[in-house]
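Worksheet: the structure to be examined is printed underneath.
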Amino acid sequence: MLGLSRSDLLMLLFVLFLVAAAPILLNPFPEASRFAQFNAGYPDLMQRFVIFAIFAVGFNILFGLTGYLSFGHAAFLGAGSYAGVWMLKLLTINVLPAIIVSTLVAGVFSLIIGYISLRRSGIYFSILTLAFAQMSFALAASVLTPITGGETGLQTALNDPRILDGASSGTGNIPAPALFGLEMRDSIQIDFGGWLWTFNVGYYLSAFILLVAFYLSIRIFRSPFGMMLKAIKSNNQRLSYTGINPRPYTLAAFVISGMYAGLAGGLMVAMDPLAGAERMQWTASGEVVLMVILGGVGSLVGPVLGAGLIKYAENIFSKINESLLTQWFAFMPEGLTDFMVTIVSPFVGKGWHLSLGLMFMLVVTFLPGGLIGGVTGLFGRIFGRRSKAQGE
Amino acid sequence: MSALEVRGVNKRFGGLQALNDVNLTVEEGRIHAIIGPNGAGKSTLLNCFVGRLTPDSGTVMFHGKSLLGIQPYEINQAGVSRVFQTPEIFSDLTVLENVMIPALAHRDGKFEFNALRPMRREKDIQKLAVDVLEDLGMPDKHDMIASSMSRGDKRRLEMAMGLVQDPKLLLLDEPTAGMSRADTNNTIEVLRHIGDSRGITMIIIEHDMHVVFSLADRISVLAQGTVIVEDQPENIKGNVKVQEAYLGGAQ
Ligand SMILES: Nc1ncnc2c1ncn2[C@@H]1O[C@H](COP(=O)(O)OP(=O)(O)O)[C@@H](O)[C@H]1O
Ligand SMILES: [Mg+2]
């Protein structure tokens, strides 16, 4: 069905289930529970999970299949964001044109940068992409201020033209991004005996687009085109003696992953119509690399997992502070409580990067196939089958 | 008619004259062997045919078209496939994928954007690959990761990668090195059968004289970058110059 094999269809259905049930799955603790701060089922964070998953799934098409490691993909995400806000300002507050134009603008931008960067391979390619992205960041923050809003960023305003649906229709409020009238920030809340579930319009739109993006990535992985990309990673030289010109293949993969990044950028501004230059910074480019490696390079589900994990750590670990820790360890004898708080506190709150770094080191050292490789390996061992990790 | 015409090819590596005014004519549909001691320049010569190296001077014409100054993939698309001396395969892909890639390249050309076509619907390509692997005596290894194969099997795999493209000219650089006697004999059979049935022109570099004399229609002997003899196999056996070259190479 859908041109997928049975196992791929199952994988797609599994991801469908995860994203559809996320508002429930991510809120395992009742509101009153003292673990409630570990709940991640609120719209803002769930939107970020799926949007960054789209970014990572696309990045994996380039990095996972061809092995070309770009350090500049945040530039495409940023370009997509700016393009999206402009659409919301000039055309209509409907998010559909914004999302489409974001993807296209990022596609053109990545075609140009990819065409130049792919004249080199290996570390030189990585450095070139990094240089281009940092240039874009610097330009967005300074010279291009009329287009990008410079350091304050670009956002929708009351007096935007919005030629398709007439300005703010006299309410005196800046209109909220919507899909044919359905506002992205709208939610239905269900109070289920202590648990609070929030079903948010923006989240479900993003989740639907993630499913489409994920489906397309499965199709690409399983196509002759995808096989050529794997051959490029395996032995680029050999491929050219086999009659294939590797350049247009890598460029196509680069542009596809750039368009995924632009799509993610467009969705970000559809959820919250504000774009800033920091979205293009090298740390943002590095983050998607971490997501893919953590989840499992070249596997299909890995990047989704990696994106979720990093965004969870960023938003949840960072909220834990010393007084909270003291509360948790209060059941211990007094000296021990202080000791535990001292040990744990560097890894939480502002120190969440430390936990992430540690996790990253452990995964890279002990799980070469990333988390997903570890999980499949474990299942293989449990069921006594020969472990055959995804995408290896 | 001649398939390949090589005229006055020279190649220097620093102070080493690796190829010295090499001339070679390979007739269409024939198997032409190149023999000679190690370091004679045999692999270097093949490198000049597939775009890995550019000769300092001379011409290489394939069916009247120059092979010099064009990209390796263009040379392959013109009908020249090569089996390398040290196996060049896609190590982390499966055996079947290794053979399907050249088959796709042969059918679809140097670039084809077919990102949404499912690979498992490519029944024809799959059948081509399965048949070639069967011919080469590897019917049961389709899902093996290529890097985990023995050296001899890697060579047979690479031969499959060449043959599946149904090339006009197949270049084989020591195809049986590292193979068991039985596999070597099987390879001879396969190459002879393909030579007869499909009329593929072949250039084969070989040290195993049993292979050379079983297959070759014509033999060139290369020593220190120079073709010292070119003749029929029966005239090569007793040739004094050839014996000297081999003894000289063994010094
Ligand atoms: N790329 C290269 N750079 C420098 N020297 C080379 C290169 N390729 C081959 N040679 C030298 O050229 C000579 C011929 O090598 P080669 O063609 O591999 O010999 P054969 O295949 O006949 O054993 C050898 O002395 C080898 O060291
Ligand atoms: Mg050699």
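We label chains A, B, ... in the order they appear in the structure tokens, count residues from 1 in each chain, and number ligands from 1 in the order shown.
Interface residues on chain A toward chain B (cut-off 6 Å, only C-alpha atoms): A:Arg219, A:Ile220, A:Arg222, A:Ser223, A:Pro224, A:Phe225, A:Ser234, A:Asn235, A:Ser240, A:Tyr241, A:Thr242, A:Gly243, A:Ile244, A:Asn245.
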May I have the residues from that selection written out with N, CA and C atoms, as an mmCIF file, in the first residue's frame?
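Everything below was put into part_24.cif:
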```cif
data_model
loop_
_atom_site.group_PDB
_atom_site.id
_atom_site.type_symbol
_atom_site.label_atom_id
_atom_site.label_comp_id
_atom_site.auth_asym_id
_atom_site.auth_seq_id
_atom_site.Cartn_x
_atom_site.Cartn_y
_atom_site.Cartn_z
ATOM 1 N N ARG A 219 10.047 6.766 0.827
ATOM 2 C CA ARG A 219 10.025 6.508 -0.617
ATOM 3 C C ARG A 219 11.400 6.790 -1.227
ATOM 4 N N ILE A 220 12.034 7.878 -0.803
ATOM 5 C CA ILE A 220 13.357 8.223 -1.341
ATOM 6 C C ILE A 220 14.381 7.154 -0.957
ATOM 7 N N ARG A 222 13.962 4.084 -0.461
ATOM 8 C CA ARG A 222 13.716 2.797 -1.128
ATOM 9 C C ARG A 222 13.711 2.893 -2.639
ATOM 10 N N SER A 223 14.150 4.034 -3.188
ATOM 11 C CA SER A 223 14.104 4.219 -4.642
ATOM 12 C C SER A 223 15.481 3.957 -5.250
ATOM 13 N N PRO A 224 15.538 3.775 -6.586
ATOM 14 C CA PRO A 224 16.850 3.674 -7.242
ATOM 15 C C PRO A 224 17.699 4.917 -6.954
ATOM 16 N N PHE A 225 17.054 6.074 -6.930
ATOM 17 C CA PHE A 225 17.769 7.321 -6.600
ATOM 18 C C PHE A 225 18.431 7.202 -5.229
ATOM 19 N N SER A 234 29.218 5.038 -0.055
ATOM 20 C CA SER A 234 30.035 3.835 0.035
ATOM 21 C C SER A 234 31.319 3.955 -0.783
ATOM 22 N N ASN A 235 31.201 4.386 -2.039
ATOM 23 C CA ASN A 235 32.386 4.454 -2.900
ATOM 24 C C ASN A 235 32.090 5.349 -4.101
ATOM 25 N N SER A 240 31.442 6.455 -10.325
ATOM 26 C CA SER A 240 31.650 7.146 -11.597
ATOM 27 C C SER A 240 32.216 6.186 -12.647
ATOM 28 N N TYR A 241 32.985 5.157 -12.229
ATOM 29 C CA TYR A 241 33.432 4.146 -13.196
ATOM 30 C C TYR A 241 32.290 3.215 -13.580
ATOM 31 N N THR A 242 31.168 3.344 -12.865
ATOM 32 C CA THR A 242 30.001 2.518 -13.138
ATOM 33 C C THR A 242 29.020 3.255 -14.055
ATOM 34 N N GLY A 243 29.398 4.461 -14.476
ATOM 35 C CA GLY A 243 28.571 5.175 -15.443
ATOM 36 C C GLY A 243 27.657 6.217 -14.836
ATOM 37 N N ILE A 244 27.819 6.487 -13.538
ATOM 38 C CA ILE A 244 26.950 7.458 -12.874
ATOM 39 C C ILE A 244 27.727 8.745 -12.609
ATOM 40 N N ASN A 245 27.109 9.881 -12.884
ATOM 41 C CA ASN A 245 27.688 11.162 -12.506
ATOM 42 C C ASN A 245 27.197 11.504 -11.099
#
```
Test item, strand (DSSP E or B) assignment across range 160-243 of chain B, answer as a ChimeraX atom specification: /B:169-173,201-205,218-223,226-231
Site check for ligand 1: residues at most 10 Å away, only C-alpha atoms and all ligand atoms, as an MDAnalysis selection string: chainID B and resid 11:19 34:47 52:53 85 173:174 205:207 222:225
Could those residues be written to a file, using C-alpha atoms, as an mmCIF file, in the first residue's frame?
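Writing done, so here's result34.cif:
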```cif
data_model
loop_
_atom_site.group_PDB
_atom_site.id
_atom_site.type_symbol
_atom_site.label_atom_id
_atom_site.label_comp_id
_atom_site.auth_asym_id
_atom_site.auth_seq_id
_atom_site.Cartn_x
_atom_site.Cartn_y
_atom_site.Cartn_z
ATOM 1 C CA LYS B 11 52.991 8.197 -19.262
ATOM 2 C CA ARG B 12 55.624 9.414 -16.810
ATOM 3 C CA PHE B 13 55.480 9.340 -13.008
ATOM 4 C CA GLY B 14 58.285 11.680 -11.944
ATOM 5 C CA GLY B 15 61.438 9.969 -13.107
ATOM 6 C CA LEU B 16 59.681 6.729 -14.070
ATOM 7 C CA GLN B 17 58.630 6.158 -17.673
ATOM 8 C CA ALA B 18 55.659 3.916 -16.838
ATOM 9 C CA LEU B 19 54.380 3.707 -20.433
ATOM 10 C CA ILE B 34 48.182 -8.233 -21.724
ATOM 11 C CA ILE B 35 50.896 -10.032 -19.816
ATOM 12 C CA GLY B 36 54.156 -8.922 -18.320
ATOM 13 C CA PRO B 37 56.063 -8.815 -15.049
ATOM 14 C CA ASN B 38 54.881 -6.814 -12.039
ATOM 15 C CA GLY B 39 55.387 -3.097 -12.468
ATOM 16 C CA ALA B 40 55.435 -3.364 -16.256
ATOM 17 C CA GLY B 41 52.689 -0.755 -16.558
ATOM 18 C CA LYS B 42 49.710 -2.982 -17.332
ATOM 19 C CA SER B 43 47.316 -1.420 -14.815
ATOM 20 C CA THR B 44 48.599 2.032 -15.720
ATOM 21 C CA LEU B 45 47.626 1.346 -19.324
ATOM 22 C CA LEU B 46 44.063 0.392 -18.335
ATOM 23 C CA ASN B 47 43.896 3.522 -16.161
ATOM 24 C CA ARG B 52 41.659 7.467 -14.103
ATOM 25 C CA LEU B 53 44.870 8.739 -15.700
ATOM 26 C CA GLN B 85 42.957 -5.125 -9.685
ATOM 27 C CA ASP B 173 42.705 -6.515 -14.339
ATOM 28 C CA GLU B 174 43.883 -9.851 -12.918
ATOM 29 C CA ILE B 205 45.532 -8.703 -17.648
ATOM 30 C CA GLU B 206 46.547 -11.993 -16.117
ATOM 31 C CA HIS B 207 49.492 -13.722 -14.486
ATOM 32 C CA LEU B 222 54.502 -5.442 -21.765
ATOM 33 C CA ALA B 223 57.844 -4.960 -20.032
ATOM 34 C CA GLN B 224 59.058 -1.726 -18.433
ATOM 35 C CA GLY B 225 56.363 0.251 -20.169
#
```
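All residues of range 64-116 of chain B that DSSP, run on the backbone, classes as alpha helix (DSSP H) are Pro72, Tyr73, Glu74, Ile75, Asn76, Gln77, Val95, Leu96, Glu97, Asn98, Val99, Met100, Ile101, Pro102, Ala103, Leu104, Ala105, His106, Arg107 and Asp108 of chain B.
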Writing out the chosen residues with C-alpha atoms as a PDB file, in the first residue's frame:
```
ATOM      1  CA  PRO B  72      34.964   8.206 -16.248  1.00  0.00           C
ATOM      2  CA  TYR B  73      31.157   7.960 -16.278  1.00  0.00           C
ATOM      3  CA  GLU B  74      31.039   9.085 -19.894  1.00  0.00           C
ATOM      4  CA  ILE B  75      33.561   6.393 -20.825  1.00  0.00           C
ATOM      5  CA  ASN B  76      31.427   3.808 -19.063  1.00  0.00           C
ATOM      6  CA  GLN B  77      28.274   5.083 -20.740  1.00  0.00           C
ATOM      7  CA  VAL B  95      25.786  -8.162  -3.137  1.00  0.00           C
ATOM      8  CA  LEU B  96      22.556  -7.754  -5.088  1.00  0.00           C
ATOM      9  CA  GLU B  97      22.606  -3.962  -4.689  1.00  0.00           C
ATOM     10  CA  ASN B  98      26.211  -3.921  -5.900  1.00  0.00           C
ATOM     11  CA  VAL B  99      25.084  -5.531  -9.149  1.00  0.00           C
ATOM     12  CA  MET B 100      21.809  -3.605  -9.513  1.00  0.00           C
ATOM     13  CA  ILE B 101      23.602  -0.235  -9.379  1.00  0.00           C
ATOM     14  CA  PRO B 102      25.604  -0.783 -12.582  1.00  0.00           C
ATOM     15  CA  ALA B 103      22.511  -2.345 -14.176  1.00  0.00           C
ATOM     16  CA  LEU B 104      20.520   0.818 -13.402  1.00  0.00           C
ATOM     17  CA  ALA B 105      23.365   2.996 -14.667  1.00  0.00           C
ATOM     18  CA  HIS B 106      23.324   1.052 -17.923  1.00  0.00           C
ATOM     19  CA  ARG B 107      19.557   1.363 -18.367  1.00  0.00           C
ATOM     20  CA  ASP B 108      18.936   4.896 -17.072  1.00  0.00           C
TER      21      ASP B 108
END
```
Phe317 in chain A environment, 12 Å, only C-alpha atoms, sequence neighbours closer than 2 positions dropped, as number ranges by chain: A: 37-40, 309-315, 319-322, 324-325, 344-356
Write out the residues from the selection above, keeping N, CA, C and O atoms, as a short mmCIF file (atom, residue, chain, number, x, y, z; two decimals), in the first residue's frame.
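Dumped everything to selection.cif:
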```
data_model
loop_
_atom_site.label_atom_id
_atom_site.label_comp_id
_atom_site.auth_asym_id
_atom_site.auth_seq_id
_atom_site.Cartn_x
_atom_site.Cartn_y
_atom_site.Cartn_z
N GLN A 37 6.37 18.27 36.09
CA GLN A 37 7.25 19.10 35.26
C GLN A 37 8.00 18.29 34.21
O GLN A 37 8.65 18.85 33.35
N PHE A 38 7.89 16.95 34.28
CA PHE A 38 8.47 16.12 33.21
C PHE A 38 7.51 15.93 32.05
O PHE A 38 7.85 15.33 31.04
N ASN A 39 6.27 16.36 32.23
CA ASN A 39 5.31 16.27 31.14
C ASN A 39 5.74 17.17 29.98
O ASN A 39 6.14 18.31 30.18
N ALA A 40 5.65 16.62 28.77
CA ALA A 40 6.06 17.41 27.61
C ALA A 40 4.89 17.63 26.66
O ALA A 40 5.08 18.07 25.54
N LEU A 309 14.38 13.83 21.48
CA LEU A 309 15.21 13.73 22.67
C LEU A 309 15.91 15.05 23.00
O LEU A 309 15.93 15.50 24.15
N ILE A 310 16.48 15.66 21.96
CA ILE A 310 17.23 16.90 22.20
C ILE A 310 16.28 18.01 22.63
O ILE A 310 16.57 18.78 23.56
N LYS A 311 15.13 18.10 21.96
CA LYS A 311 14.19 19.15 22.33
C LYS A 311 13.63 18.90 23.74
O LYS A 311 13.36 19.84 24.49
N TYR A 312 13.47 17.64 24.10
CA TYR A 312 13.00 17.32 25.45
C TYR A 312 14.04 17.77 26.48
O TYR A 312 13.72 18.45 27.46
N ALA A 313 15.28 17.39 26.23
CA ALA A 313 16.35 17.78 27.15
C ALA A 313 16.43 19.29 27.29
O ALA A 313 16.51 19.83 28.39
N GLU A 314 16.36 19.96 26.14
CA GLU A 314 16.50 21.42 26.14
C GLU A 314 15.39 22.08 26.96
O GLU A 314 15.63 23.04 27.69
N ASN A 315 14.17 21.55 26.84
CA ASN A 315 13.05 22.23 27.48
C ASN A 315 12.71 21.72 28.87
O ASN A 315 12.13 22.45 29.66
N LYS A 319 14.61 23.14 33.01
CA LYS A 319 13.70 23.76 33.98
C LYS A 319 13.97 23.31 35.42
O LYS A 319 13.47 23.89 36.37
N ILE A 320 14.74 22.22 35.55
CA ILE A 320 14.99 21.69 36.89
C ILE A 320 16.03 22.58 37.57
O ILE A 320 17.11 22.80 37.03
N ASN A 321 15.70 23.08 38.79
CA ASN A 321 16.67 23.93 39.48
C ASN A 321 17.00 23.34 40.85
O ASN A 321 16.49 22.28 41.23
N GLU A 322 17.86 24.04 41.60
CA GLU A 322 18.37 23.47 42.85
C GLU A 322 17.28 23.25 43.90
O GLU A 322 17.27 22.23 44.58
N LEU A 324 14.25 22.56 43.41
CA LEU A 324 13.48 21.39 43.00
C LEU A 324 14.23 20.11 43.37
O LEU A 324 13.66 19.15 43.90
N LEU A 325 15.54 20.12 43.13
CA LEU A 325 16.36 18.96 43.46
C LEU A 325 16.32 18.69 44.97
O LEU A 325 16.17 17.56 45.41
N VAL A 344 24.14 16.48 41.21
CA VAL A 344 23.21 16.47 40.08
C VAL A 344 23.04 17.85 39.45
O VAL A 344 22.88 17.97 38.23
N SER A 345 23.11 18.91 40.29
CA SER A 345 22.74 20.23 39.76
C SER A 345 23.57 20.71 38.56
O SER A 345 23.03 21.41 37.71
N PRO A 346 24.86 20.35 38.42
CA PRO A 346 25.56 20.82 37.22
C PRO A 346 24.97 20.27 35.93
O PRO A 346 25.21 20.80 34.85
N PHE A 347 24.20 19.16 36.03
CA PHE A 347 23.71 18.51 34.81
C PHE A 347 22.32 18.97 34.41
O PHE A 347 21.80 18.57 33.39
N VAL A 348 21.67 19.77 35.27
CA VAL A 348 20.32 20.21 34.95
C VAL A 348 20.30 21.74 34.93
O VAL A 348 21.34 22.39 35.07
N GLY A 349 19.11 22.32 34.74
CA GLY A 349 19.01 23.77 34.66
C GLY A 349 19.85 24.26 33.49
O GLY A 349 19.82 23.68 32.41
N LYS A 350 20.66 25.29 33.74
CA LYS A 350 21.49 25.83 32.65
C LYS A 350 22.51 24.80 32.17
O LYS A 350 23.07 24.91 31.09
N GLY A 351 22.77 23.81 33.01
CA GLY A 351 23.77 22.80 32.65
C GLY A 351 23.22 21.66 31.81
O GLY A 351 23.89 20.63 31.67
N TRP A 352 22.04 21.83 31.21
CA TRP A 352 21.47 20.71 30.44
C TRP A 352 22.33 20.32 29.27
O TRP A 352 22.34 19.17 28.85
N HIS A 353 23.12 21.28 28.75
CA HIS A 353 24.04 20.95 27.66
C HIS A 353 25.04 19.87 28.08
O HIS A 353 25.47 19.06 27.27
N LEU A 354 25.38 19.91 29.38
CA LEU A 354 26.34 18.94 29.90
C LEU A 354 25.75 17.52 29.82
O LEU A 354 26.42 16.59 29.39
N SER A 355 24.49 17.39 30.22
CA SER A 355 23.83 16.09 30.12
C SER A 355 23.76 15.63 28.67
O SER A 355 24.02 14.47 28.35
N LEU A 356 23.40 16.59 27.80
CA LEU A 356 23.29 16.26 26.39
C LEU A 356 24.64 15.78 25.85
O LEU A 356 24.72 14.76 25.15
#
```
